[in-house]
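J.: This is start.csv, which holds CSV, C-alpha atoms and all ligand atoms:
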```csv
chain,number,residue,atom,x,y,z
A,1,MET,CA,-8.3,-18.7,22.3
A,2,PHE,CA,-4.9,-17.7,23.7
A,3,THR,CA,-3.2,-20.3,25.9
A,4,ARG,CA,0.5,-20.8,26.7
A,5,ARG,CA,0.3,-24.1,24.8
A,6,ALA,CA,-1.2,-22.4,21.7
A,7,ALA,CA,1.6,-19.9,21.8
A,8,LEU,CA,4.2,-22.6,21.9
A,9,MET,CA,2.6,-24.5,19.1
A,10,GLY,CA,2.4,-21.3,17.1
A,11,ALA,CA,6.1,-20.7,17.7
A,12,ALA,CA,7.0,-24.3,16.7
A,13,PHE,CA,5.0,-23.9,13.5
A,14,VAL,CA,6.7,-20.7,12.6
A,15,ALA,CA,10.1,-22.4,13.2
A,16,ALA,CA,9.1,-25.5,11.1
A,17,VAL,CA,7.7,-24.0,8.0
A,18,PRO,CA,10.7,-21.9,6.9
A,19,TYR,CA,12.9,-25.0,7.1
A,20,VAL,CA,10.8,-26.6,4.4
A,21,ILE,CA,11.0,-23.5,2.3
A,22,LYS,CA,14.7,-23.2,2.6
A,23,SER,CA,15.4,-26.3,0.5
A,24,ALA,CA,13.1,-25.0,-2.3
A,25,LYS,CA,15.0,-21.8,-2.3
A,26,ALA,CA,18.3,-23.6,-2.7
A,27,GLU,CA,17.1,-25.3,-5.9
A,28,GLU,CA,15.7,-22.2,-7.3
A,29,THR,CA,18.8,-20.3,-6.7
A,30,ALA,CA,20.9,-23.0,-8.4
A,31,ALA,CA,18.6,-22.8,-11.5
A,32,ASN,CA,19.2,-19.0,-11.6
A,33,ALA,CA,22.9,-19.4,-11.3
A,34,GLY,CA,23.1,-21.5,-14.5
A,35,ALA,CA,22.5,-18.4,-16.8
A,36,ALA,CA,25.3,-16.0,-17.7
A,37,PRO,CA,25.0,-12.7,-15.9
A,38,VAL,CA,23.7,-9.9,-18.2
A,39,ASP,CA,26.2,-7.2,-19.0
A,40,LEU,CA,24.7,-3.8,-18.0
A,41,SER,CA,28.0,-2.0,-17.6
A,42,ALA,CA,27.0,0.6,-20.2
A,43,LEU,CA,24.1,1.8,-18.0
A,44,THR,CA,24.4,4.5,-15.5
A,45,ARG,CA,23.5,3.8,-11.9
A,46,ARG,CA,21.5,6.0,-9.5
A,47,LYS,CA,20.9,5.5,-5.8
A,48,VAL,CA,17.5,6.5,-4.4
A,49,LYS,CA,16.8,6.9,-0.7
A,50,LEU,CA,13.2,5.8,0.1
A,51,VAL,CA,10.8,7.8,2.2
A,52,ALA,CA,7.9,6.6,4.3
A,53,PRO,CA,4.3,6.7,2.9
A,54,PRO,CA,2.2,8.6,2.2
A,55,PHE,CA,5.1,10.5,0.7
A,56,VAL,CA,7.1,9.4,-2.3
A,57,HIS,CA,10.8,10.0,-3.0
A,58,GLU,CA,11.8,12.8,-5.4
A,59,HIS,CA,11.6,11.7,-9.0
A,60,GLU,CA,11.2,12.9,-12.5
A,61,HIS,CA,7.8,12.5,-14.0
A,62,VAL,CA,9.2,12.5,-17.5
A,63,ALA,CA,12.6,10.8,-17.8
A,64,THR,CA,15.3,13.1,-19.1
A,65,SER,CA,17.9,10.3,-19.5
A,66,GLY,CA,18.3,6.5,-19.2
A,67,PRO,CA,17.3,3.8,-19.1
A,68,GLU,CA,19.4,3.3,-16.0
A,69,ILE,CA,19.9,1.0,-13.0
A,70,VAL,CA,18.1,2.5,-10.0
A,71,GLU,CA,19.4,1.2,-6.7
A,72,PHE,CA,17.3,0.9,-3.6
A,73,GLU,CA,17.8,-0.5,-0.1
A,74,MET,CA,15.2,-1.8,2.2
A,75,LYS,CA,15.5,-3.2,5.7
A,76,ILE,CA,12.9,-5.6,7.0
A,77,VAL,CA,11.8,-4.6,10.5
A,78,GLU,CA,9.8,-6.8,12.8
A,79,LYS,CA,8.2,-4.7,15.4
A,80,GLU,CA,5.0,-4.0,17.4
A,81,ILE,CA,2.9,-1.2,16.0
A,82,GLN,CA,-0.2,0.4,17.5
A,83,VAL,CA,-3.1,0.1,15.1
A,84,ASP,CA,-5.7,1.9,17.2
A,85,GLU,CA,-6.1,3.3,20.7
A,86,ASP,CA,-6.8,-0.2,22.1
A,87,ALA,CA,-5.1,-2.4,19.5
A,88,TRP,CA,-1.5,-3.5,18.8
A,89,LEU,CA,0.0,-5.7,16.1
A,90,GLN,CA,3.2,-7.7,15.9
A,91,ALA,CA,4.0,-6.2,12.5
A,92,PHE,CA,6.4,-7.2,9.8
A,93,THR,CA,7.5,-4.2,7.7
A,94,TYR,CA,9.7,-3.0,4.9
A,95,ASN,CA,11.7,-0.1,6.2
A,96,GLY,CA,9.6,0.1,9.4
A,97,SER,CA,6.5,1.5,7.8
A,98,VAL,CA,3.1,0.0,6.9
A,99,PRO,CA,2.8,0.0,4.0
A,100,GLY,CA,6.4,-0.2,2.8
A,101,PRO,CA,7.9,2.7,0.9
A,102,MET,CA,6.8,3.4,-2.7
A,103,LEU,CA,9.6,3.0,-5.3
A,104,VAL,CA,9.5,5.0,-8.5
A,105,VAL,CA,11.3,4.2,-11.8
A,106,HIS,CA,10.6,4.5,-15.5
A,107,GLN,CA,9.8,1.8,-18.0
A,108,GLY,CA,13.0,0.2,-19.2
A,109,ASP,CA,14.9,1.0,-16.0
A,110,TYR,CA,16.4,-1.8,-13.9
A,111,VAL,CA,15.3,-1.9,-10.3
A,112,GLU,CA,18.2,-3.1,-8.1
A,113,LEU,CA,17.1,-3.8,-4.6
A,114,THR,CA,19.3,-4.7,-1.6
A,115,LEU,CA,17.1,-6.3,1.0
A,116,PHE,CA,18.4,-6.7,4.5
A,117,ASN,CA,16.9,-9.1,7.2
A,118,PRO,CA,18.7,-7.9,10.4
A,119,PRO,CA,19.8,-10.4,12.9
A,120,GLU,CA,17.4,-9.2,15.6
A,121,ASN,CA,14.4,-10.5,13.4
A,122,MET,CA,12.9,-13.9,14.1
A,123,LEU,CA,11.7,-14.9,10.7
A,124,GLN,CA,12.6,-15.5,7.0
A,125,HIS,CA,11.3,-12.9,4.6
A,126,ASN,CA,11.5,-12.1,0.9
A,127,ILE,CA,9.9,-9.9,-1.7
A,128,ASP,CA,7.5,-10.6,-4.6
A,129,PHE,CA,7.3,-7.7,-7.1
A,130,HIS,CA,4.1,-7.8,-9.2
A,131,ALA,CA,6.0,-5.6,-11.6
A,132,ALA,CA,8.8,-8.2,-12.2
A,133,THR,CA,8.9,-11.2,-14.5
A,134,GLY,CA,9.9,-14.7,-13.3
A,135,ALA,CA,11.0,-16.5,-10.1
A,136,LEU,CA,7.7,-15.7,-8.3
A,137,GLY,CA,8.2,-12.0,-8.8
A,138,GLY,CA,11.7,-12.3,-7.3
A,139,GLY,CA,10.3,-14.1,-4.2
A,140,ALA,CA,12.2,-17.3,-5.1
A,141,LEU,CA,15.5,-15.5,-5.2
A,142,THR,CA,15.2,-13.2,-2.2
A,143,LEU,CA,14.3,-15.5,0.7
A,144,ILE,CA,16.6,-14.5,3.5
A,145,ASN,CA,17.2,-15.5,7.1
A,146,PRO,CA,17.8,-13.1,10.0
A,147,GLY,CA,21.3,-11.8,9.5
A,148,GLU,CA,21.3,-12.2,5.7
A,149,LYS,CA,21.0,-9.8,2.8
A,150,THR,CA,20.3,-10.3,-0.9
A,151,VAL,CA,20.4,-8.2,-4.0
A,152,LEU,CA,17.7,-8.6,-6.7
A,153,ARG,CA,17.7,-6.8,-10.0
A,154,PHE,CA,14.7,-6.9,-12.4
A,155,LYS,CA,13.8,-4.9,-15.5
A,156,ALA,CA,10.7,-2.7,-15.2
A,157,THR,CA,9.1,-3.7,-18.5
A,158,ARG,CA,5.5,-2.7,-17.9
A,159,PRO,CA,4.3,0.8,-16.9
A,160,GLY,CA,1.9,1.1,-14.0
A,161,VAL,CA,1.6,1.0,-10.2
A,162,PHE,CA,2.2,-2.5,-8.8
A,163,VAL,CA,2.1,-4.1,-5.4
A,164,TYR,CA,5.1,-5.8,-3.8
A,165,HIS,CA,4.8,-8.1,-0.8
A,166,CYS,CA,6.4,-10.7,1.3
A,167,ALA,CA,5.7,-14.3,0.2
A,168,PRO,CA,7.9,-16.7,2.2
A,169,GLY,CA,5.9,-19.8,1.4
A,170,GLY,CA,2.8,-21.7,2.6
A,171,PRO,CA,0.7,-20.1,5.4
A,172,MET,CA,3.5,-17.7,6.0
A,173,ILE,CA,2.4,-15.8,2.9
A,174,PRO,CA,-1.0,-14.5,4.0
A,175,TRP,CA,0.3,-14.0,7.6
A,176,HIS,CA,3.2,-11.8,6.5
A,177,VAL,CA,1.0,-9.8,4.2
A,178,VAL,CA,-1.7,-9.1,6.7
A,179,SER,CA,1.0,-8.3,9.2
A,180,GLY,CA,2.0,-5.3,7.1
A,181,MET,CA,4.5,-6.6,4.5
A,182,SER,CA,3.4,-4.9,1.3
A,183,GLY,CA,4.1,-1.8,-0.6
A,184,CYS,CA,4.0,-0.4,-4.1
A,185,ILE,CA,6.3,0.5,-7.1
A,186,MET,CA,5.3,3.0,-9.7
A,187,VAL,CA,6.8,2.4,-13.2
A,188,LEU,CA,6.2,5.5,-15.2
A,189,PRO,CA,6.2,5.7,-19.0
A,190,ARG,CA,9.4,7.4,-20.0
A,191,ASP,CA,7.5,10.3,-21.5
A,192,GLY,CA,5.1,10.5,-18.6
A,193,LEU,CA,1.4,9.9,-18.0
A,194,LYS,CA,-1.2,10.4,-20.8
A,195,ASN,CA,-4.9,11.2,-20.7
A,196,HIS,CA,-7.7,9.3,-22.6
A,197,LEU,CA,-6.6,11.1,-25.8
A,198,GLY,CA,-3.0,10.2,-25.4
A,199,GLU,CA,-2.1,13.8,-24.4
A,200,PRO,CA,0.5,14.4,-21.7
A,201,VAL,CA,-0.8,15.1,-18.2
A,202,SER,CA,1.1,15.9,-15.1
A,203,TYR,CA,0.8,16.0,-11.3
A,204,ASP,CA,2.0,18.4,-8.6
A,205,ARG,CA,2.2,15.7,-5.9
A,206,VAL,CA,1.8,12.0,-5.3
A,207,TYR,CA,0.3,10.5,-2.2
A,208,TYR,CA,0.6,6.8,-1.6
A,209,VAL,CA,-2.3,5.3,0.4
A,210,GLY,CA,-1.6,1.7,1.3
A,211,GLU,CA,-4.7,-0.1,2.7
A,212,ASN,CA,-4.3,-3.0,5.1
A,213,ASP,CA,-6.8,-5.5,6.6
A,214,PHE,CA,-5.7,-6.6,10.1
A,215,TYR,CA,-7.0,-9.6,12.0
A,216,ILE,CA,-6.3,-8.9,15.7
A,217,PRO,CA,-7.8,-11.5,18.1
A,218,LYS,CA,-9.8,-10.6,21.2
A,219,GLY,CA,-9.4,-12.3,24.5
A,220,GLU,CA,-12.1,-13.6,26.8
A,221,ASP,CA,-12.5,-10.2,28.3
A,222,GLY,CA,-13.4,-8.7,24.9
A,223,ALA,CA,-10.2,-6.6,24.7
A,224,TYR,CA,-7.8,-7.0,21.8
A,225,MET,CA,-5.0,-9.3,22.8
A,226,ARG,CA,-1.4,-8.0,22.9
A,227,PHE,CA,1.5,-10.3,22.4
A,228,ALA,CA,5.1,-10.4,23.4
A,229,ASP,CA,6.2,-11.4,19.9
A,230,ALA,CA,5.0,-12.6,16.5
A,231,GLY,CA,5.4,-16.3,17.3
A,232,GLU,CA,3.1,-15.9,20.3
A,233,SER,CA,0.5,-14.1,18.2
A,234,TYR,CA,0.3,-16.6,15.3
A,235,ALA,CA,-2.2,-19.2,16.5
A,236,ASP,CA,-4.9,-16.8,17.6
A,237,THR,CA,-4.3,-14.4,14.7
A,238,LEU,CA,-4.7,-17.3,12.2
A,239,GLU,CA,-8.0,-18.2,13.7
A,240,VAL,CA,-9.3,-14.6,13.1
A,241,MET,CA,-7.7,-14.6,9.6
A,242,ASN,CA,-9.5,-17.8,8.6
A,243,GLY,CA,-12.8,-16.2,9.5
A,244,LEU,CA,-12.1,-13.6,6.8
A,245,ILE,CA,-13.5,-10.7,8.9
A,246,PRO,CA,-10.9,-8.1,9.6
A,247,SER,CA,-10.8,-6.4,13.0
A,248,HIS,CA,-9.4,-3.3,11.3
A,249,VAL,CA,-9.2,-1.9,7.7
A,250,VAL,CA,-6.8,1.0,7.8
A,251,PHE,CA,-4.8,3.3,5.6
A,252,ASN,CA,-1.1,3.5,6.2
A,253,GLY,CA,-1.0,1.2,9.2
A,254,LYS,CA,-3.2,2.7,11.7
A,255,VAL,CA,-6.6,4.3,12.4
A,256,GLY,CA,-6.0,8.1,11.9
A,257,ALA,CA,-2.6,7.7,10.1
A,258,LEU,CA,-3.9,10.2,7.5
A,259,THR,CA,-6.4,12.3,9.4
A,260,GLY,CA,-6.1,15.3,11.8
A,261,ASP,CA,-2.5,16.5,12.1
A,262,ASN,CA,-1.5,13.7,9.7
A,263,ALA,CA,-4.0,14.8,7.0
A,264,LEU,CA,-2.8,15.0,3.4
A,265,THR,CA,-2.6,18.6,2.0
A,266,ALA,CA,-3.0,20.3,-1.3
A,267,ALA,CA,-3.8,23.7,-2.7
A,268,GLN,CA,-6.8,24.6,-4.9
A,269,GLY,CA,-5.7,24.1,-8.5
A,270,GLU,CA,-3.1,21.5,-7.7
A,271,THR,CA,-3.3,18.1,-9.3
A,272,VAL,CA,-2.7,15.1,-7.1
A,273,LEU,CA,-2.0,11.6,-8.1
A,274,PHE,CA,-3.4,9.2,-5.5
A,275,VAL,CA,-1.9,5.7,-5.6
A,276,HIS,CA,-3.8,3.1,-3.7
A,277,SER,CA,-2.7,-0.4,-3.0
A,278,GLN,CA,-4.3,-3.4,-1.3
A,279,ALA,CA,-2.2,-6.5,-1.3
A,280,ASN,CA,-4.8,-8.9,0.2
A,281,ARG,CA,-8.4,-7.7,-0.2
A,282,ASP,CA,-10.7,-5.6,-2.4
A,283,SER,CA,-11.2,-1.9,-1.8
A,284,ARG,CA,-13.2,0.9,-3.4
A,285,PRO,CA,-11.6,4.4,-2.9
A,286,HIS,CA,-13.8,7.4,-3.1
A,287,LEU,CA,-12.9,11.1,-2.6
A,288,ILE,CA,-15.9,12.7,-0.8
A,289,GLY,CA,-16.6,16.0,-2.5
A,290,GLY,CA,-14.2,15.3,-5.4
A,291,HIS,CA,-13.7,12.8,-8.2
A,292,GLY,CA,-11.2,10.8,-10.1
A,293,ASP,CA,-10.5,13.0,-13.2
A,294,LEU,CA,-8.5,10.3,-14.7
A,295,VAL,CA,-8.4,6.9,-13.1
A,296,TRP,CA,-6.2,3.9,-14.0
A,297,GLU,CA,-8.4,1.6,-12.0
A,298,GLN,CA,-6.2,-1.4,-12.6
A,299,GLY,CA,-3.2,0.9,-12.2
A,300,LYS,CA,-1.5,0.0,-15.6
A,301,PHE,CA,-0.5,3.0,-17.7
A,302,ASN,CA,-0.6,1.2,-21.1
A,303,ASN,CA,-4.4,1.3,-20.7
A,304,LEU,CA,-6.4,4.4,-21.3
A,305,PRO,CA,-7.6,6.0,-18.0
A,306,ALA,CA,-11.3,6.2,-17.2
A,307,ARG,CA,-12.7,9.7,-16.7
A,308,ASP,CA,-14.9,11.4,-14.1
A,309,LEU,CA,-15.2,8.4,-11.7
A,310,GLU,CA,-17.0,8.7,-8.4
A,311,THR,CA,-15.6,5.5,-6.9
A,312,TRP,CA,-13.0,3.1,-8.2
A,313,PHE,CA,-12.2,-0.5,-7.5
A,314,ILE,CA,-8.9,-1.8,-6.3
A,315,ARG,CA,-8.7,-5.6,-6.7
A,316,GLY,CA,-7.0,-7.4,-3.8
A,317,GLY,CA,-3.4,-7.8,-4.8
A,318,SER,CA,-3.2,-4.7,-7.0
A,319,ALA,CA,-2.6,-1.0,-7.0
A,320,GLY,CA,-4.5,1.7,-8.8
A,321,ALA,CA,-3.9,5.4,-9.5
A,322,ALA,CA,-6.3,8.4,-9.7
A,323,LEU,CA,-5.5,11.9,-10.8
A,324,TYR,CA,-7.5,14.8,-9.5
A,325,THR,CA,-7.3,18.6,-9.7
A,326,PHE,CA,-8.7,20.1,-6.6
A,327,LEU,CA,-11.2,22.9,-7.5
A,328,GLN,CA,-12.6,23.8,-4.1
A,329,PRO,CA,-10.9,24.4,-0.8
A,330,GLY,CA,-11.9,22.5,2.4
A,331,VAL,CA,-11.5,19.1,4.0
A,332,TYR,CA,-12.1,16.1,1.8
A,333,ALA,CA,-12.5,12.6,3.1
A,334,TYR,CA,-10.7,9.9,1.0
A,335,VAL,CA,-12.4,6.7,2.1
A,336,ASN,CA,-12.9,3.1,1.3
A,337,HIS,CA,-16.6,3.4,0.2
A,338,ASN,CA,-17.6,0.3,2.1
A,339,LEU,CA,-18.5,2.9,4.8
A,340,ILE,CA,-18.5,0.3,7.6
A,341,GLU,CA,-14.8,-0.2,6.7
A,342,ALA,CA,-14.2,3.6,6.4
A,343,VAL,CA,-15.9,4.7,9.6
A,344,ASN,CA,-16.1,1.8,12.0
A,345,LYS,CA,-12.9,-0.1,10.9
A,346,GLY,CA,-10.6,2.8,10.1
A,347,ALA,CA,-10.2,3.2,6.3
A,348,THR,CA,-10.4,7.0,6.2
A,349,ALA,CA,-7.9,9.7,5.2
A,350,HIS,CA,-8.4,13.5,5.0
A,351,VAL,CA,-7.1,15.9,2.4
A,352,VAL,CA,-7.0,19.5,3.6
A,353,VAL,CA,-7.2,21.9,0.6
A,354,THR,CA,-6.4,25.6,0.8
A,355,GLY,CA,-7.8,28.2,-1.5
A,356,ASP,CA,-10.8,30.4,-2.2
A,357,TRP,CA,-14.3,29.0,-2.2
A,358,ASN,CA,-16.0,29.0,-5.6
A,359,ASN,CA,-19.8,29.8,-5.3
A,360,ASP,CA,-20.4,28.8,-8.9
A,361,LEU,CA,-19.5,25.2,-8.1
A,362,MET,CA,-21.4,25.2,-4.8
A,363,GLU,CA,-23.2,27.7,-2.7
A,364,GLN,CA,-25.0,27.4,0.5
A,365,VAL,CA,-28.1,29.4,-0.5
A,366,VAL,CA,-29.8,29.1,2.9
A,367,ALA,CA,-27.9,28.1,6.0
A,368,PRO,CA,-29.7,25.6,8.2
A,369,VAL,CA,-32.5,27.5,9.9
A,370,GLU,CA,-35.8,26.5,11.6
A,371,TYR,CA,-38.8,26.9,9.4
A,372,ASP,CA,-42.4,27.6,10.1
A,373,VAL,CA,-44.1,24.3,9.9
A,374,ALA,CA,-47.6,25.8,9.8
A,375,SER,CA,-47.0,27.8,6.7
A,376,GLU,CA,-44.0,26.4,4.8
A,377,GLY,CA,-44.3,22.8,5.9
A,378,ARG,CA,-47.6,22.2,4.2
A,379,THR,CA,-46.4,23.6,0.8
A,380,ALA,CA,-43.0,22.0,1.0
A,381,LEU,CA,-44.2,18.5,1.7
A,382,PRO,CA,-46.8,16.5,-0.3
B,1,CU,CU,7.9,-11.6,5.5
```
Take the structure from the file and write it as structure tokens.
T.:
Amino acid sequence: MFTRRAALMGAAFVAAVPYVIKSAKAEETAANAGAAPVDLSALTRRKVKLVAPPFVHEHEHVATSGPEIVEFEMKIVEKEIQVDEDAWLQAFTYNGSVPGPMLVVHQGDYVELTLFNPPENMLQHNIDFHAATGALGGGALTLINPGEKTVLRFKATRPGVFVYHCAPGGPMIPWHVVSGMSGCIMVLPRDGLKNHLGEPVSYDRVYYVGENDFYIPKGEDGAYMRFADAGESYADTLEVMNGLIPSHVVFNGKVGALTGDNALTAAQGETVLFVHSQANRDSRPHLIGGHGDLVWEQGKFNNLPARDLETWFIRGGSAGAALYTFLQPGVYAYVNHNLIEAVNKGATAHVVVTGDWNNDLMEQVVAPVEYDVASEGRTALP
């Protein structure tokens, strides 16, 4: 329960842990410095400006040149976000959004990320790319204090969609992840996506759905507690985290982030690639009224996609991708098919699809109407 003392202990803990991590970072950096820098001067460089999810920056599906060095910049933003009408979170974010932005490159490209931790932040942060090889996914080379920046370059050797997340050491790792610090990178095969027969397939749009489990404590009055800063929130939040029952399970940072006016859109006949990440906990996306035509459930494009799925599984700490061509107009719900999490905890998105209804696929033969129980009821029921 929240007390002034607990808040102070929380803050002290936050201050103490990064100090221990700092020395480990120094050793790791020294080890890295022993190797000669690789000469990539023959490669072209390209700067990409990231955009906030569910949207994805412009990119080629099939690479027309390269490999190249693709430069990205991300700023770590610590800020309070509203998660629901009555719930707020002291969030840690990449570029101010939960989840962080999706990066897209091609296999064989080099990802070169400049990561900024602005001076107004309180904490150390870093980034662990599941797509990268070595140094804790880059986490050991990117730990930065407020006021510091760092540049990490890694070669995107494996095609797929992969999670990235903050991993600053010890109990800071789960806390930063469930406070919003995760995102996704898509490494496309240079010649694009292939179906189960190895034939090329394409998409008209990509939507990135990042799922988060939040652990917001309640006070004695039963209301969600709101905190002045992250340090003050730590002790009470940790207690809820360790119970493993999230207060919220949401898409893109908040209940309703992808419904109503914020719903995803598509047109009948369009093919949409849904990328779904969950950095901490299992999920099971399902498109109500639709399917996964081709699903890379584990998200890795060297494996053949599964076909015609109704629901797919996203392992905690991974991203998956599903390709679907919308055949029928209307509002589709894209949910975590643990329906308690979808409806009561928040994990629902909507896709509004324009087009002309196809009665061959589905027709309402009789609209809901009262029936005569005395005559029809006896024959209709056993
Ligand atoms: Cu962090």
J.: Check which residues fall inside 6 Å of ligand CU 1 (chain B) when counting all atoms listed in the file, and print them as a tab-separated table (two decimals) with C-alpha atoms, in the coordinates of the input.
T.:
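In the end it all went to part.tsv:
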```
chain	number	residue	atom	x	y	z
A	125	HIS	CA	11.30	-12.90	4.60
A	126	ASN	CA	11.50	-12.10	0.90
A	166	CYS	CA	6.40	-10.70	1.30
A	176	HIS	CA	3.20	-11.80	6.50
```
J.: What is the distance, in Å and to one decimal place, between CA of Lys149 in chain A and CA of Leu113 in chain A?
T.: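 According to the coordinates, CA of Lys149 in chain A and CA of Leu113 in chain A are separated by 10.3 Å.
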J.: Rounded to one decimal in Å, what is the spacing between CA of Leu50 in chain A and CA of Val295 in chain A?
T.: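 Between these atoms lies a distance of 25.3 Å.
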J.: Counting all atoms listed in the file, what is within 7 Å of Asn358 in chain A, bar same-chain residues fewer than 3 positions away, as a PyMOL selection string?
T.: chain A and resi 328+361-362
J.: How would the residues just chosen look if you wrote them out with C-alpha atoms as a short mmCIF file (atom, residue, chain, number, x, y, z; two decimals), in the frame of the given file?
T.:
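What ended up in again-v5.cif:
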```cif
data_model
loop_
_atom_site.label_atom_id
_atom_site.label_comp_id
_atom_site.auth_asym_id
_atom_site.auth_seq_id
_atom_site.Cartn_x
_atom_site.Cartn_y
_atom_site.Cartn_z
CA GLN A 328 -12.60 23.80 -4.10
CA LEU A 361 -19.50 25.20 -8.10
CA MET A 362 -21.40 25.20 -4.80
#
```
J.: Counting only C-alpha atoms, which residue out of A:Val365, A:Ala52, A:Met74, A:Ala319 sits closest to Val151 in chain A?
T.: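 Residue with the minimum atom-to-atom distance to Val151 in chain A: A:Met74.
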J.: Please report the interatomic distance between CA of Ala35 in chain A and CA of Glu68 in chain A in Å with one decimal.
T.: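 Distance between the two atoms: 21.9 Å.
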J.: Measuring between all atoms listed in the file, which one of A:Trp175, A:Tyr94, A:Phe129, A:Trp296 shows the shortest distance to Phe274 in chain A?
T.: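 Distance minimum relative to Phe274 in chain A lands on A:Trp296.
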J.: Would you kindly return, as an MDAnalysis selection string, each protein, DNA or RNA residue with an atom no farther than 8 Å from any atom of range 82-89 of chain A, considering all atoms listed in the file and excluding same-chain residues fewer than 2 positions away?
T.: chainID A and resid 80 91 179 216 223:227 253:255
J.: Of the candidates A:Tyr324, A:Phe214, A:Phe313, A:Tyr334, which one gets nearest to Val98 in chain A if we count only C-alpha atoms?
T.: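 Nearest to Val98 in chain A: A:Phe214.
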